[in-house]
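Asks: Input: one structure, supplied below.
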Amino acid sequence: MTAPVEAATELMALDELTKRVGMSVRTVRFYTTKGLVPPPIRRGRSGYYSPDHVSRLELVRELQAHGFTLSAIEKYVARIPEDATPETIALHRTLLAPWLAELPETVSRRQLTRRAGRRLTEDELDTLNALGIVFPTKQGKFQIAVAQLNVGVALLDLGMPLDAALAAHEIITAHGRAVADELTDLFRTKVWPAYKEGGATADQLRTLVEKFKPVSVAALVTAYESAVNETKRETVARRAR
């Protein structure tokens with residue numbers, strides 16, 4: 001990632017940058033070494049930072065707040081062009097938040113047992129982890145997707161095997177990412193230009209995406225159900241022949 005070229009009036013020193021984004025010097029330097037933000041712009045022996053650095057650090061912070069691992073953040077940032085403007089990166093933040101899943105809730109083992117309605121075995125916890133519902137933390141606690149926990153426990157009671165859960169998670173993750181990427185590209189190339197031309201703000205675009213989310217989710221569920229039913233009909237027809 002190459003450093004951007006900015007007007008001198010837009011540049012800021014490291015201490016000013018850290019105050020602007022609410023991060024420590026150590027954190028900013030760490031993100032720079034990981035390639036999440038460009039290196040500082042050199043003016044003699046001094047390094048300076050631009051609005052591009054600010055926008056990228058704010059994006060990283062938002063990804064972290066929604067539970068993205070460092071590895072996932074690296075992959076996400078790698079898809080953003082090096083010459084992306086601060087406005088384009090801000091658009092990524094605008095489009096990102098409404099599509100993210102509800103933030104997980106952190107609970108103790110006892111609280112998890114109470115929420116699940118019974119004590120979960122280690123194998124069952126592995127299965128729920130594979131399904132993206134329960135995640136163990138280093139502190140001996142668990143992060144849970146509250147809205148999906150009861151469904152996950154019901155699948156366990158029906159004998160959902162771990163290997164099937166892992167395979168299902170890989171399929172859903174791959175196709176979910178593809179849908180998210182294509183919808184984000186749709187809003188970036190078709191919706192945002194129209195809104196920008198009409199003088200709309202980023203907040204108005206965010207509201208549009210938030211309103212569109214339940215419609216798109218419902219459409220995905222309908223498409224999935226239709227595809228499953230069609231597959232069943234084709235299977236029955238093949239067996240009949």
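All residue names refer to the structure tokens as shown: chains lettered A, B, ... in order, residues numbered from 1 in each chain, ligands numbered from 1 in order.
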Need to verify the contact set: Asp15 (chain A), 8 Å, only C-alpha atoms, exclusion of same-chain residues closer than 3 positions in sequence. Can you return it as an mmCIF file with all heavy atoms, in the first residue's frame?
Replies:
```cif
data_model
loop_
_atom_site.group_PDB
_atom_site.id
_atom_site.type_symbol
_atom_site.label_atom_id
_atom_site.label_comp_id
_atom_site.auth_asym_id
_atom_site.auth_seq_id
_atom_site.Cartn_x
_atom_site.Cartn_y
_atom_site.Cartn_z
ATOM 1 N N THR A 18 -3.703 10.505 16.387
ATOM 2 C CA THR A 18 -4.191 9.622 17.449
ATOM 3 C C THR A 18 -5.364 10.255 18.205
ATOM 4 O O THR A 18 -6.305 9.563 18.600
ATOM 5 C CB THR A 18 -3.061 9.277 18.438
ATOM 6 O OG1 THR A 18 -2.500 10.490 18.966
ATOM 7 C CG2 THR A 18 -1.968 8.476 17.746
ATOM 8 N N LYS A 19 -5.314 11.570 18.407
ATOM 9 C CA LYS A 19 -6.427 12.260 19.065
ATOM 10 C C LYS A 19 -7.671 12.246 18.166
ATOM 11 O O LYS A 19 -8.789 12.100 18.647
ATOM 12 C CB LYS A 19 -6.032 13.700 19.389
ATOM 13 C CG LYS A 19 -4.959 13.816 20.462
ATOM 14 C CD LYS A 19 -4.573 15.284 20.686
ATOM 15 C CE LYS A 19 -3.459 15.398 21.732
ATOM 16 N NZ LYS A 19 -3.026 16.807 21.924
ATOM 17 N N VAL A 25 -0.612 5.634 19.923
ATOM 18 C CA VAL A 25 0.486 5.639 18.957
ATOM 19 C C VAL A 25 0.883 4.212 18.607
ATOM 20 O O VAL A 25 1.105 3.870 17.435
ATOM 21 C CB VAL A 25 1.700 6.410 19.528
ATOM 22 C CG1 VAL A 25 2.921 6.225 18.628
ATOM 23 C CG2 VAL A 25 1.365 7.892 19.678
#
```
Asks: Identify, with DSSP run on backbone atoms, the residues in region 72-138 of chain A assigned to alpha helix (DSSP H), and express the list as a ChimeraX atom specification.
Replies: /A:72-78,86-99,109-116,122-130
Asks: Report, in Å with one decimal, the straight-line distance from CA of Glu16 (chain A) to CA of Thr33 (chain A).
Replies: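 Between CA of Glu16 (chain A) and CA of Thr33 (chain A) the gap works out to 19.4 Å.
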Asks: Which is closest to Glu82 (chain A) among A:Ile144, A:Leu128, A:His53, A:Arg233, if we use only C-alpha atoms?
Replies: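 The closest residue to Glu82 (chain A) is A:His53.
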